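**Q** Dropping in start35.cif, which is mmCIF, C-alpha atoms, pLDDT in the B column; chains and numbers go by the auth columns:
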data_upload
loop_
_atom_site.group_PDB
_atom_site.id
_atom_site.type_symbol
_atom_site.label_atom_id
_atom_site.label_comp_id
_atom_site.label_asym_id
_atom_site.label_seq_id
_atom_site.Cartn_x
_atom_site.Cartn_y
_atom_site.Cartn_z
_atom_site.B_iso_or_equiv
_atom_site.auth_seq_id
_atom_site.auth_asym_id
ATOM 1 C CA MET A 1 -5.651 20.657 -1.527 73.00 1 A
ATOM 2 C CA ALA A 2 -8.315 20.453 1.161 90.00 2 A
ATOM 3 C CA LYS A 3 -7.466 20.555 4.817 95.00 3 A
ATOM 4 C CA GLN A 4 -9.528 18.713 7.376 96.00 4 A
ATOM 5 C CA ARG A 5 -9.716 19.776 10.997 97.00 5 A
ATOM 6 C CA ILE A 6 -9.060 16.942 13.461 98.00 6 A
ATOM 7 C CA ARG A 7 -10.909 17.085 16.783 97.00 7 A
ATOM 8 C CA THR A 8 -11.170 14.636 19.672 98.00 8 A
ATOM 9 C CA ASN A 9 -12.424 14.852 23.247 97.00 9 A
ATOM 10 C CA ASN A 10 -9.523 12.552 24.220 97.00 10 A
ATOM 11 C CA ALA A 11 -7.074 15.472 24.070 98.00 11 A
ATOM 12 C CA PRO A 12 -7.265 18.989 25.502 96.00 12 A
ATOM 13 C CA THR A 13 -9.488 21.552 23.832 94.00 13 A
ATOM 14 C CA PRO A 14 -7.390 24.229 22.115 93.00 14 A
ATOM 15 C CA GLY A 15 -6.968 27.314 24.244 87.00 15 A
ATOM 16 C CA GLY A 16 -6.856 29.692 21.306 91.00 16 A
ATOM 17 C CA PRO A 17 -7.530 30.085 17.587 95.00 17 A
ATOM 18 C CA TYR A 18 -5.902 26.842 16.446 96.00 18 A
ATOM 19 C CA SER A 19 -6.852 23.226 15.757 97.00 19 A
ATOM 20 C CA GLN A 20 -5.695 20.142 17.643 98.00 20 A
ATOM 21 C CA ALA A 21 -4.480 18.972 14.246 98.00 21 A
ATOM 22 C CA LEU A 22 -5.039 19.374 10.538 98.00 22 A
ATOM 23 C CA GLU A 23 -4.897 16.634 7.920 97.00 23 A
ATOM 24 C CA VAL A 24 -3.778 17.601 4.412 97.00 24 A
ATOM 25 C CA ASP A 25 -3.247 14.977 1.695 96.00 25 A
ATOM 26 C CA GLY A 26 -2.649 12.211 4.241 95.00 26 A
ATOM 27 C CA TRP A 27 -0.269 14.301 6.344 98.00 27 A
ATOM 28 C CA VAL A 28 -1.317 15.101 9.914 98.00 28 A
ATOM 29 C CA TYR A 29 0.067 18.190 11.620 98.00 29 A
ATOM 30 C CA VAL A 30 -0.491 17.988 15.378 98.00 30 A
ATOM 31 C CA ALA A 31 -0.406 21.264 17.300 98.00 31 A
ATOM 32 C CA GLY A 32 1.874 21.523 20.306 97.00 32 A
ATOM 33 C CA GLN A 33 0.421 19.524 23.166 97.00 33 A
ATOM 34 C CA VAL A 34 0.848 20.445 26.807 97.00 34 A
ATOM 35 C CA PRO A 35 0.291 18.325 29.942 97.00 35 A
ATOM 36 C CA ILE A 36 -3.444 18.824 30.394 96.00 36 A
ATOM 37 C CA ASP A 37 -5.618 15.843 31.284 96.00 37 A
ATOM 38 C CA PRO A 38 -8.517 16.015 28.801 97.00 38 A
ATOM 39 C CA GLY A 39 -10.888 14.300 31.234 95.00 39 A
ATOM 40 C CA SER A 40 -10.489 16.837 34.019 95.00 40 A
ATOM 41 C CA GLY A 41 -9.134 19.804 32.081 94.00 41 A
ATOM 42 C CA GLU A 42 -6.452 20.108 34.758 94.00 42 A
ATOM 43 C CA TRP A 43 -2.693 20.424 34.358 94.00 43 A
ATOM 44 C CA VAL A 44 -0.890 17.303 35.561 94.00 44 A
ATOM 45 C CA GLU A 45 1.688 17.365 38.339 87.00 45 A
ATOM 46 C CA ASP A 46 5.050 19.035 37.998 89.00 46 A
ATOM 47 C CA GLU A 47 7.234 15.917 37.457 95.00 47 A
ATOM 48 C CA ILE A 48 8.768 15.873 33.932 98.00 48 A
ATOM 49 C CA THR A 49 8.077 12.143 33.475 98.00 49 A
ATOM 50 C CA VAL A 50 4.393 12.554 34.311 97.00 50 A
ATOM 51 C CA GLN A 51 4.102 15.626 32.093 97.00 51 A
ATOM 52 C CA THR A 52 5.860 13.870 29.190 98.00 52 A
ATOM 53 C CA GLU A 53 3.546 10.876 29.426 98.00 53 A
ATOM 54 C CA ARG A 54 0.435 13.092 29.433 98.00 54 A
ATOM 55 C CA VAL A 55 1.668 15.140 26.475 98.00 55 A
ATOM 56 C CA LEU A 56 2.404 12.026 24.404 98.00 56 A
ATOM 57 C CA LEU A 57 -0.942 10.468 25.318 98.00 57 A
ATOM 58 C CA ASN A 58 -2.562 13.653 24.000 98.00 58 A
ATOM 59 C CA VAL A 59 -0.562 13.431 20.764 98.00 59 A
ATOM 60 C CA LYS A 60 -1.521 9.759 20.416 98.00 60 A
ATOM 61 C CA ALA A 61 -5.241 10.507 20.896 98.00 61 A
ATOM 62 C CA ILE A 62 -5.190 13.206 18.228 98.00 62 A
ATOM 63 C CA LEU A 63 -3.362 10.949 15.783 98.00 63 A
ATOM 64 C CA GLU A 64 -5.910 8.188 16.375 98.00 64 A
ATOM 65 C CA ALA A 65 -8.727 10.648 15.671 98.00 65 A
ATOM 66 C CA ALA A 66 -7.023 11.331 12.327 97.00 66 A
ATOM 67 C CA GLY A 67 -6.718 7.624 11.501 97.00 67 A
ATOM 68 C CA ALA A 68 -2.995 7.581 12.250 97.00 68 A
ATOM 69 C CA SER A 69 -0.759 6.193 14.994 96.00 69 A
ATOM 70 C CA LEU A 70 2.481 7.020 16.761 97.00 70 A
ATOM 71 C CA GLY A 71 4.153 4.660 14.282 96.00 71 A
ATOM 72 C CA ASP A 72 3.158 7.049 11.488 97.00 72 A
ATOM 73 C CA VAL A 73 4.987 10.006 13.071 98.00 73 A
ATOM 74 C CA VAL A 74 7.924 11.202 10.978 98.00 74 A
ATOM 75 C CA LYS A 75 8.915 14.323 12.957 98.00 75 A
ATOM 76 C CA THR A 76 8.466 15.735 16.431 98.00 76 A
ATOM 77 C CA THR A 77 9.617 18.891 18.120 98.00 77 A
ATOM 78 C CA VAL A 78 10.042 18.780 21.887 98.00 78 A
ATOM 79 C CA TYR A 79 10.114 22.050 23.792 98.00 79 A
ATOM 80 C CA MET A 80 11.433 21.851 27.361 98.00 80 A
ATOM 81 C CA THR A 81 11.989 24.514 29.982 97.00 81 A
ATOM 82 C CA ASP A 82 14.998 22.667 31.425 97.00 82 A
ATOM 83 C CA LEU A 83 17.251 20.496 29.266 97.00 83 A
ATOM 84 C CA ASN A 84 18.783 19.138 32.476 98.00 84 A
ATOM 85 C CA GLU A 85 15.625 16.976 32.565 98.00 85 A
ATOM 86 C CA PHE A 86 16.280 15.620 29.059 98.00 86 A
ATOM 87 C CA THR A 87 17.301 12.115 30.202 98.00 87 A
ATOM 88 C CA ALA A 88 14.118 11.627 32.243 98.00 88 A
ATOM 89 C CA MET A 89 11.970 12.982 29.393 98.00 89 A
ATOM 90 C CA ASN A 90 13.778 10.802 26.859 97.00 90 A
ATOM 91 C CA GLU A 91 13.120 7.613 28.847 97.00 91 A
ATOM 92 C CA VAL A 92 9.363 8.226 28.680 98.00 92 A
ATOM 93 C CA TYR A 93 9.567 9.367 25.048 98.00 93 A
ATOM 94 C CA ALA A 94 11.325 6.092 24.151 97.00 94 A
ATOM 95 C CA GLU A 95 8.404 4.105 25.597 97.00 95 A
ATOM 96 C CA PHE A 96 6.068 5.769 23.079 97.00 96 A
ATOM 97 C CA PHE A 97 8.417 5.701 20.080 96.00 97 A
ATOM 98 C CA ASN A 98 10.044 2.312 20.492 89.00 98 A
ATOM 99 C CA ASP A 99 10.117 0.923 16.955 81.00 99 A
ATOM 100 C CA GLU A 100 13.224 0.593 14.805 86.00 100 A
ATOM 101 C CA SER A 101 12.420 3.814 12.937 90.00 101 A
ATOM 102 C CA PRO A 102 11.583 6.454 15.551 95.00 102 A
ATOM 103 C CA PRO A 103 10.703 9.887 14.189 97.00 103 A
ATOM 104 C CA ALA A 104 13.225 12.595 13.505 98.00 104 A
ATOM 105 C CA ARG A 105 13.246 14.978 16.450 98.00 105 A
ATOM 106 C CA ALA A 106 14.419 18.393 17.500 98.00 106 A
ATOM 107 C CA THR A 107 14.579 19.259 21.203 98.00 107 A
ATOM 108 C CA ILE A 108 14.640 22.907 22.120 97.00 108 A
ATOM 109 C CA GLU A 109 14.947 24.651 25.462 97.00 109 A
ATOM 110 C CA ALA A 110 12.144 27.191 25.744 96.00 110 A
ATOM 111 C CA SER A 111 12.020 29.597 28.654 90.00 111 A
ATOM 112 C CA ASN A 112 8.312 30.333 28.730 89.00 112 A
ATOM 113 C CA LEU A 113 5.888 27.508 27.978 91.00 113 A
ATOM 114 C CA PRO A 114 2.147 27.905 28.716 88.00 114 A
ATOM 115 C CA LYS A 115 1.070 28.014 32.372 87.00 115 A
ATOM 116 C CA GLY A 116 4.569 27.116 33.546 79.00 116 A
ATOM 117 C CA CYS A 117 4.530 23.588 32.103 94.00 117 A
ATOM 118 C CA LYS A 118 7.850 21.836 31.542 97.00 118 A
ATOM 119 C CA ILE A 119 7.219 20.283 28.122 98.00 119 A
ATOM 120 C CA GLU A 120 5.296 20.750 24.890 97.00 120 A
ATOM 121 C CA VAL A 121 5.440 18.436 21.862 98.00 121 A
ATOM 122 C CA ASP A 122 4.183 18.838 18.310 98.00 122 A
ATOM 123 C CA ALA A 123 4.239 16.171 15.611 98.00 123 A
ATOM 124 C CA VAL A 124 3.929 15.499 11.895 98.00 124 A
ATOM 125 C CA ALA A 125 2.653 12.116 10.705 98.00 125 A
ATOM 126 C CA LYS A 126 1.853 10.478 7.388 97.00 126 A
ATOM 127 C CA VAL A 127 -1.289 8.333 7.662 93.00 127 A
ATOM 128 C CA GLY A 128 -0.362 4.733 6.915 86.00 128 A
ATOM 129 C CA ALA A 129 3.419 5.320 7.007 84.00 129 A
ATOM 130 C CA SER A 130 3.912 2.528 9.552 85.00 130 A
ATOM 131 C CA GLU A 131 2.288 0.073 7.137 75.00 131 A
ATOM 132 C CA SER A 132 4.713 0.778 4.281 58.00 132 A
#
Please rewrite the model in this file as structure tokens.

**A**
Amino acid sequence: MAKQRIRTNNAPTPGGPYSQALEVDGWVYVAGQVPIDPGSGEWVEDEITVQTERVLLNVKAILEAAGASLGDVVKTTVYMTDLNEFTAMNEVYAEFFNDESPPARATIEASNLPKGCKIEVDAVAKVGASES
């Protein structure tokens, strides 16, 4: 079982000893993504909807670099600092995962995300799953 490191300039550079994603036997494991604009390297504004969109664009870019798509995602974990913002986050999330078989998801309130961001999302995808 060989693992392949996935790397794209269209998502933030990892800030530690981890990969943006790894692909193993057609499965893609995307590391938790935070609301950093990969073009500027800057954190996006504080609004949960803006942060959610940026995070999911980062996830999408990494999946594309692995030859996958959002439609191939089978599981996500959403970490939020304030579950009172769940409805606003979920509206943006639904724009990205809008097919009849959205991924399984866990949403967890986390008190201390990196650099004070409001949301982090990781994902697991099976390359080609949306074509089955």

**Q** Please determine the residues with any atom at most 12 Å from (-10.6, 14.1, 24.3) (coordinates as given in the file, with all atoms listed in the file counting) and report them as JSON, numbers by chain.

**A** {"A": [6, 7, 8, 9, 10, 11, 12, 13, 14, 20, 36, 37, 38, 39, 40, 41, 57, 58, 59, 60, 61, 62, 63, 64, 65]}

**Q** Might you pull out every residue within 8 Å of region 107-118 of chain A, with all atoms listed in the file counted and same-chain residues fewer than 4 positions away left off, and present them as a PyMOL selection string?

**A** chain A and resi 34-35+46+48+51+77-83

**Q** Evaluate the PyMOL selection byres ((chain A and resi 52) around 9) and record the selected residues as a PyMOL selection string, following the chain and residue labels used in the document.

**A** chain A and resi 34-35+47-51+53-57+89-90+92-93+118-121

**Q** So which one's closest to Val127 (chain A), A:Ala66, A:Ala88, A:Ala94, A:Ala106? Using all atoms listed in the file, please.

**A**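 Of all the options, A:Ala66 lies closest to Val127 (chain A).
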
**Q** Would you compute, for all listed atoms of region 26-41 of chain A, the axis-aligned bounding box grown by 3 Å on each side, and then report its centre and edge lengths in Å rounded to one decimal, as AutoDock Vina command-line options?

**A**
--center_x -4.5 --center_y 16.9 --center_z 19.1 --size_x 18.8 --size_y 15.3 --size_z 35.8

**Q** How far is it from CA of Tyr18 (chain A) to CA of Val30 (chain A), in Å with one decimal?

**A**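 Between CA of Tyr18 (chain A) and CA of Val30 (chain A) the gap is 10.4 Å.
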
**Q** Work out how far CA of Pro103 (chain A) is from CA of Met1 (chain A), in Å to one decimal.

**A**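 Pair CA of Met1 (chain A) / CA of Pro103 (chain A) returns 25.1 Å.
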
**Q** Mind checking which residues fall within 12 Å of Gly128 (chain A), counting all atoms listed in the file, ignoring those fewer than 5 positions away in the same chain, and posting them as number ranges by chain?

**A** A: 25-28, 63-64, 66-74

**Q** Would you mind reading off the distance between CA of Phe86 (chain A) and CA of Val44 (chain A), one decimal, in Å?

**A**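 Going from CA of Phe86 (chain A) over to CA of Val44 (chain A) covers 18.4 Å.
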
**Q** Using all atoms listed in the file, which of the listed residues (A:Lys75, A:Val24, A:Ala123, A:Asn84) sits closest to Pro102 (chain A)?

**A** A:Lys75

**Q** List the residues selected by the PyMOL selection byres ((chain A and resi 22) around 6) in the file shown, writing them as a PyMOL selection string.

**A** chain A and resi 4-6+21+23+28-29

**Q** Using only C-alpha atoms, which of A:Ser130, A:Gly15, A:Asn98, A:Glu45 sits nearest Gln33 (chain A)?

**A**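 Comparing A:Ser130, A:Gly15, A:Asn98, A:Glu45 against Gln33 (chain A), the winner is A:Gly15.
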